[in-house]
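Dumped my_file22.txt below, it's compact mmCIF, C-alpha atoms:
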```txt
# COMPACT_ATOMS: atom_id res chain seq x y z
CA MET A 1 34.63 30.47 -32.79
CA LYS A 2 34.28 28.26 -35.85
CA GLN A 3 30.92 26.53 -36.13
CA ILE A 4 31.30 22.80 -35.56
CA VAL A 5 27.74 21.92 -34.59
CA ASP A 6 24.72 22.26 -36.87
CA ILE A 7 21.77 22.56 -34.48
CA THR A 8 18.10 21.84 -35.02
CA THR A 9 16.03 23.08 -32.09
CA GLU A 10 12.64 21.39 -31.73
CA ASP A 11 11.98 22.65 -28.20
CA ALA A 12 12.15 26.41 -27.62
CA ARG A 13 13.17 25.94 -23.97
CA TRP A 14 16.67 25.16 -25.27
CA ASP A 15 16.98 28.80 -26.37
CA ASP A 16 16.82 29.87 -22.71
CA VAL A 17 19.74 27.54 -21.92
CA GLY A 18 21.83 28.94 -24.79
CA ILE A 19 22.17 25.59 -26.53
CA GLU A 20 23.92 27.10 -29.57
CA LYS A 21 26.80 28.51 -27.54
CA LEU A 22 27.02 25.50 -25.18
CA ALA A 23 27.12 23.01 -28.04
CA GLN A 24 29.76 24.89 -30.04
CA ARG A 25 31.92 25.36 -26.94
CA ALA A 26 31.62 21.73 -25.80
CA ALA A 27 32.35 20.30 -29.25
CA ALA A 28 35.30 22.64 -29.83
CA ALA A 29 36.76 21.79 -26.41
CA THR A 30 36.41 18.06 -27.07
CA LEU A 31 37.95 18.11 -30.54
CA GLY A 32 40.66 20.52 -29.41
CA PHE A 33 41.56 18.44 -26.37
CA LEU A 34 41.95 15.37 -28.57
CA LYS A 35 43.92 17.38 -31.16
CA ILE A 36 41.45 16.62 -33.93
CA SER A 37 41.89 18.94 -36.88
CA ASP A 38 39.30 21.25 -38.34
CA GLY A 39 37.06 20.00 -41.07
CA PHE A 40 34.39 18.17 -39.11
CA GLU A 41 30.75 18.87 -38.36
CA ILE A 42 28.27 17.42 -35.88
CA SER A 43 24.48 17.55 -36.15
CA LEU A 44 22.62 18.16 -32.90
CA LEU A 45 18.89 17.77 -32.32
CA ALA A 46 17.77 19.75 -29.25
CA CYS A 47 14.45 18.13 -28.41
CA ASP A 48 12.15 17.05 -25.56
CA ASP A 49 11.47 13.76 -23.79
CA ASN A 50 8.73 12.68 -26.20
CA ARG A 51 11.00 13.00 -29.22
CA ILE A 52 14.04 11.37 -27.62
CA ALA A 53 11.86 8.50 -26.38
CA GLU A 54 10.74 7.94 -30.00
CA LEU A 55 14.36 7.92 -31.14
CA ASN A 56 15.39 5.64 -28.28
CA SER A 57 12.62 3.22 -29.23
CA GLU A 58 13.42 3.33 -32.94
CA PHE A 59 17.18 2.92 -32.65
CA ARG A 60 17.77 1.15 -29.33
CA ASP A 61 14.49 -0.72 -28.72
CA ARG A 62 14.02 1.21 -25.47
CA GLY A 63 10.83 3.23 -25.21
CA ASP A 64 11.91 5.53 -22.40
CA ALA A 65 13.34 9.01 -22.52
CA THR A 66 17.05 9.49 -21.96
CA ASN A 67 19.33 12.50 -21.70
CA VAL A 68 21.48 12.09 -24.83
CA LEU A 69 21.76 9.75 -27.81
CA SER A 70 24.46 9.63 -30.46
CA TRP A 71 24.91 8.09 -33.88
CA PRO A 72 28.48 8.10 -35.22
CA SER A 73 28.85 8.44 -38.98
CA GLU A 74 31.17 5.43 -38.91
CA GLU A 75 32.46 2.84 -36.45
CA ARG A 76 35.55 4.23 -34.73
CA ALA A 77 35.80 2.18 -31.53
CA ALA A 78 39.11 0.67 -30.46
CA GLU A 79 39.15 -3.12 -30.44
CA ILE A 80 41.04 -3.40 -27.14
CA ASP A 81 39.27 -2.40 -23.91
CA GLY A 82 40.79 0.82 -22.58
CA GLU A 83 42.58 1.89 -25.77
CA SER A 84 41.76 5.18 -27.44
CA PRO A 85 40.18 5.07 -30.88
CA GLU A 86 42.18 6.59 -33.72
CA ASN A 87 41.33 10.20 -34.44
CA PRO A 88 39.41 10.69 -37.67
CA GLU A 89 41.07 12.50 -40.56
CA PRO A 90 39.09 14.83 -42.80
CA ASP A 91 38.32 13.55 -46.30
CA SER A 92 40.47 15.49 -48.74
CA GLN A 93 37.69 15.49 -51.37
CA SER A 94 35.27 17.14 -48.95
CA ALA A 95 37.92 19.69 -48.03
CA ASP A 96 38.48 20.47 -51.74
CA PHE A 97 34.84 21.58 -51.92
CA GLY A 98 34.96 23.43 -48.58
CA MET A 99 32.57 20.97 -46.99
CA PRO A 100 33.16 19.49 -43.53
CA ASP A 101 33.06 15.76 -42.86
CA GLU A 102 30.19 14.53 -40.68
CA LEU A 103 31.22 12.96 -37.38
CA GLY A 104 27.63 11.99 -36.67
CA ASP A 105 24.42 13.03 -34.96
CA ILE A 106 23.50 13.75 -31.35
CA ALA A 107 20.04 14.21 -29.81
CA ILE A 108 19.61 15.77 -26.37
CA SER A 109 16.40 16.09 -24.34
CA TYR A 110 15.58 19.26 -22.44
CA ASP A 111 13.21 17.56 -19.99
CA THR A 112 15.64 14.87 -18.85
CA CYS A 113 18.61 17.25 -18.73
CA ALA A 114 16.73 19.82 -16.67
CA ARG A 115 15.43 17.14 -14.29
CA GLU A 116 18.86 15.54 -13.83
CA ALA A 117 20.54 18.90 -13.26
CA ALA A 118 17.95 19.82 -10.62
CA ASP A 119 18.18 16.40 -8.95
CA GLU A 120 21.97 16.66 -8.80
CA SER A 121 21.97 20.37 -7.80
CA LYS A 122 24.08 21.27 -10.84
CA PRO A 123 23.72 24.27 -13.10
CA ILE A 124 21.90 23.09 -16.23
CA ASN A 125 24.54 24.64 -18.48
CA HIS A 126 27.22 22.50 -16.79
CA HIS A 127 25.16 19.34 -17.14
CA VAL A 128 24.28 20.02 -20.78
CA THR A 129 27.92 20.79 -21.60
CA HIS A 130 28.94 17.50 -19.99
CA LEU A 131 26.35 15.56 -22.00
CA ILE A 132 27.43 17.16 -25.27
CA VAL A 133 31.08 16.33 -24.51
CA HIS A 134 29.88 12.79 -23.74
CA GLY A 135 27.98 12.60 -27.03
CA VAL A 136 30.91 13.92 -29.07
CA LEU A 137 33.19 11.32 -27.48
CA HIS A 138 30.71 8.63 -28.56
CA LEU A 139 30.88 9.97 -32.12
CA LEU A 140 34.66 9.60 -31.93
CA GLY A 141 34.46 5.94 -30.90
CA TYR A 142 34.65 6.21 -27.12
CA ASP A 143 32.21 4.13 -25.11
CA HIS A 144 31.44 3.01 -21.57
CA ILE A 145 30.23 -0.56 -22.03
CA ARG A 146 33.54 -2.23 -21.16
CA GLU A 147 35.15 -1.29 -17.83
CA LYS A 148 38.47 0.11 -19.10
CA ASP A 149 36.69 1.97 -21.91
CA ALA A 150 34.37 3.55 -19.32
CA ASP A 151 37.33 4.61 -17.18
CA LEU A 152 39.02 6.15 -20.23
CA MET A 153 35.88 7.98 -21.35
CA GLU A 154 35.05 9.34 -17.89
CA GLY A 155 38.63 10.51 -17.45
CA LEU A 156 38.50 12.36 -20.76
CA GLU A 157 35.18 13.94 -19.80
CA ARG A 158 36.66 15.18 -16.53
CA ASP A 159 39.76 16.57 -18.27
CA ILE A 160 37.79 18.28 -21.05
CA LEU A 161 35.29 19.78 -18.62
CA GLU A 162 38.15 21.04 -16.46
CA THR A 163 39.41 23.06 -19.46
CA LEU A 164 35.96 24.68 -19.46
CA SER A 165 36.06 25.34 -15.67
CA ILE A 166 33.24 22.84 -15.07
CA PRO A 167 33.55 20.68 -11.94
CA ASP A 168 33.93 16.91 -12.11
CA PRO A 169 30.44 15.58 -12.93
CA TYR A 170 31.20 12.21 -11.34
CA LYS A 171 32.27 13.59 -7.98
CA THR A 172 29.68 13.01 -5.28
```

Target encoding structure tokens, full file:
Amino acid sequence: MKQIVDITTEDARWDDVGIEKLAQRAAAATLGFLKISDGFEISLLACDDNRIAELNSEFRDRGDATNVLSWPSEERAAEIDGESPENPEPDSQSADFGMPDELGDIAISYDTCAREAADESKPINHHVTHLIVHGVLHLLGYDHIREKDADLMEGLERDILETLSIPDPYKT
């Protein structure tokens, strides 16, 4: 499998979850499902609650820990609620030098992910895969602030996770 995600692991507990394999698989499934060509890279920070709380405070003015944060490299959101954003196209100059284009950065917290997976009686690898798919969709311009956008994003998450044989994360 081609490497799509450049991972920095700050918390060794992520190694036990197999974050490298989960992240590559989730990102490849997301980009493949949306028929986005090769030539893109995502940076992932696999951290703990303390670090993600710092990031959440710095970038969102919220001092609490969260499961996943994302920072797209550029604004890609659709203007109309419920419409899909346009897929990004690789920069031909980057391709000429064999360098991938950055879609953006994702940070994911072990503590919150493990706690949520346990609380919801889900395997942690399923929950983490879902959150990485979620983060990649954010990098591509999908969001869940407006109602129709949320419906679109959740539907895509379900469909992408189904290709990975992961049950619907929204089903109660």

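For the choices A:Val68, A:Ile52, A:Glu147, A:Glu86, the atom-to-atom distance to Ile36 of chain A is smallest for A:Glu86 when using only C-alpha atoms.
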
Need the shell around Asp149 of chain A: protein/DNA/RNA residues with any atom at most 7 Å away, counting all atoms listed in the file. Skip same-chain ones fewer than 6 positions apart. Format as a VMD selection string? chain A and resid 81 to 82 143

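With distances restricted to only C-alpha atoms, A:Ile19 is the closest residue to Ile124 of chain A from A:Leu55, A:Ile145, A:Ile19, A:Leu164.
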
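Using only C-alpha atoms, the smallest distance between any of A:Ser37, A:Ser57, A:Ser43, A:Ser84 and Ser70 of chain A comes from A:Ser43.
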
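In terms of minimum interatomic distance to Gly155 of chain A, A:His134 ranks closest within A:His134, A:Arg76, A:Arg60, A:Lys2, counting all atoms listed in the file.
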
Could you write segment 33-45 of chain A as an mmCIF file, in the frame of the given file, with N, CA, C and O atoms rebuilt where they are missing?
```
data_model
loop_
_atom_site.group_PDB
_atom_site.id
_atom_site.type_symbol
_atom_site.label_atom_id
_atom_site.label_comp_id
_atom_site.auth_asym_id
_atom_site.auth_seq_id
_atom_site.Cartn_x
_atom_site.Cartn_y
_atom_site.Cartn_z
ATOM 1 N N PHE A 33 40.851 19.226 -27.375
ATOM 2 C CA PHE A 33 41.560 18.440 -26.370
ATOM 3 C C PHE A 33 42.187 17.194 -26.982
ATOM 4 O O PHE A 33 43.295 16.795 -26.626
ATOM 5 N N LEU A 34 41.468 16.590 -27.918
ATOM 6 C CA LEU A 34 41.950 15.370 -28.570
ATOM 7 C C LEU A 34 42.817 15.654 -29.792
ATOM 8 O O LEU A 34 43.233 14.732 -30.485
ATOM 9 N N LYS A 35 43.066 16.938 -30.034
ATOM 10 C CA LYS A 35 43.920 17.380 -31.160
ATOM 11 C C LYS A 35 43.403 16.874 -32.509
ATOM 12 O O LYS A 35 44.157 16.388 -33.345
ATOM 13 N N ILE A 36 42.091 17.000 -32.667
ATOM 14 C CA ILE A 36 41.450 16.620 -33.930
ATOM 15 C C ILE A 36 41.341 17.884 -34.777
ATOM 16 O O ILE A 36 40.844 18.913 -34.319
ATOM 17 N N SER A 37 41.806 17.781 -35.999
ATOM 18 C CA SER A 37 41.890 18.940 -36.880
ATOM 19 C C SER A 37 40.505 19.474 -37.244
ATOM 20 O O SER A 37 39.485 18.824 -37.040
ATOM 21 N N ASP A 38 40.530 20.664 -37.824
ATOM 22 C CA ASP A 38 39.300 21.250 -38.340
ATOM 23 C C ASP A 38 38.788 20.402 -39.494
ATOM 24 O O ASP A 38 39.480 19.531 -39.992
ATOM 25 N N GLY A 39 37.594 20.696 -39.910
ATOM 26 C CA GLY A 39 37.060 20.000 -41.070
ATOM 27 C C GLY A 39 35.971 19.005 -40.738
ATOM 28 O O GLY A 39 35.621 18.175 -41.568
ATOM 29 N N PHE A 40 35.446 19.087 -39.516
ATOM 30 C CA PHE A 40 34.390 18.170 -39.110
ATOM 31 C C PHE A 40 33.167 18.938 -38.651
ATOM 32 O O PHE A 40 33.256 20.061 -38.171
ATOM 33 N N GLU A 41 32.018 18.288 -38.790
ATOM 34 C CA GLU A 41 30.750 18.870 -38.360
ATOM 35 C C GLU A 41 29.944 17.806 -37.627
ATOM 36 O O GLU A 41 30.040 16.615 -37.927
ATOM 37 N N ILE A 42 29.153 18.265 -36.677
ATOM 38 C CA ILE A 42 28.270 17.420 -35.880
ATOM 39 C C ILE A 42 26.861 17.983 -36.014
ATOM 40 O O ILE A 42 26.679 19.203 -35.973
ATOM 41 N N SER A 43 25.870 17.120 -36.162
ATOM 42 C CA SER A 43 24.480 17.550 -36.150
ATOM 43 C C SER A 43 23.904 17.283 -34.771
ATOM 44 O O SER A 43 24.097 16.193 -34.218
ATOM 45 N N LEU A 44 23.216 18.278 -34.224
ATOM 46 C CA LEU A 44 22.620 18.160 -32.900
ATOM 47 C C LEU A 44 21.136 18.462 -32.978
ATOM 48 O O LEU A 44 20.739 19.493 -33.532
ATOM 49 N N LEU A 45 20.327 17.560 -32.444
ATOM 50 C CA LEU A 45 18.890 17.770 -32.320
ATOM 51 C C LEU A 45 18.598 18.101 -30.861
ATOM 52 O O LEU A 45 18.806 17.256 -29.982
#
```
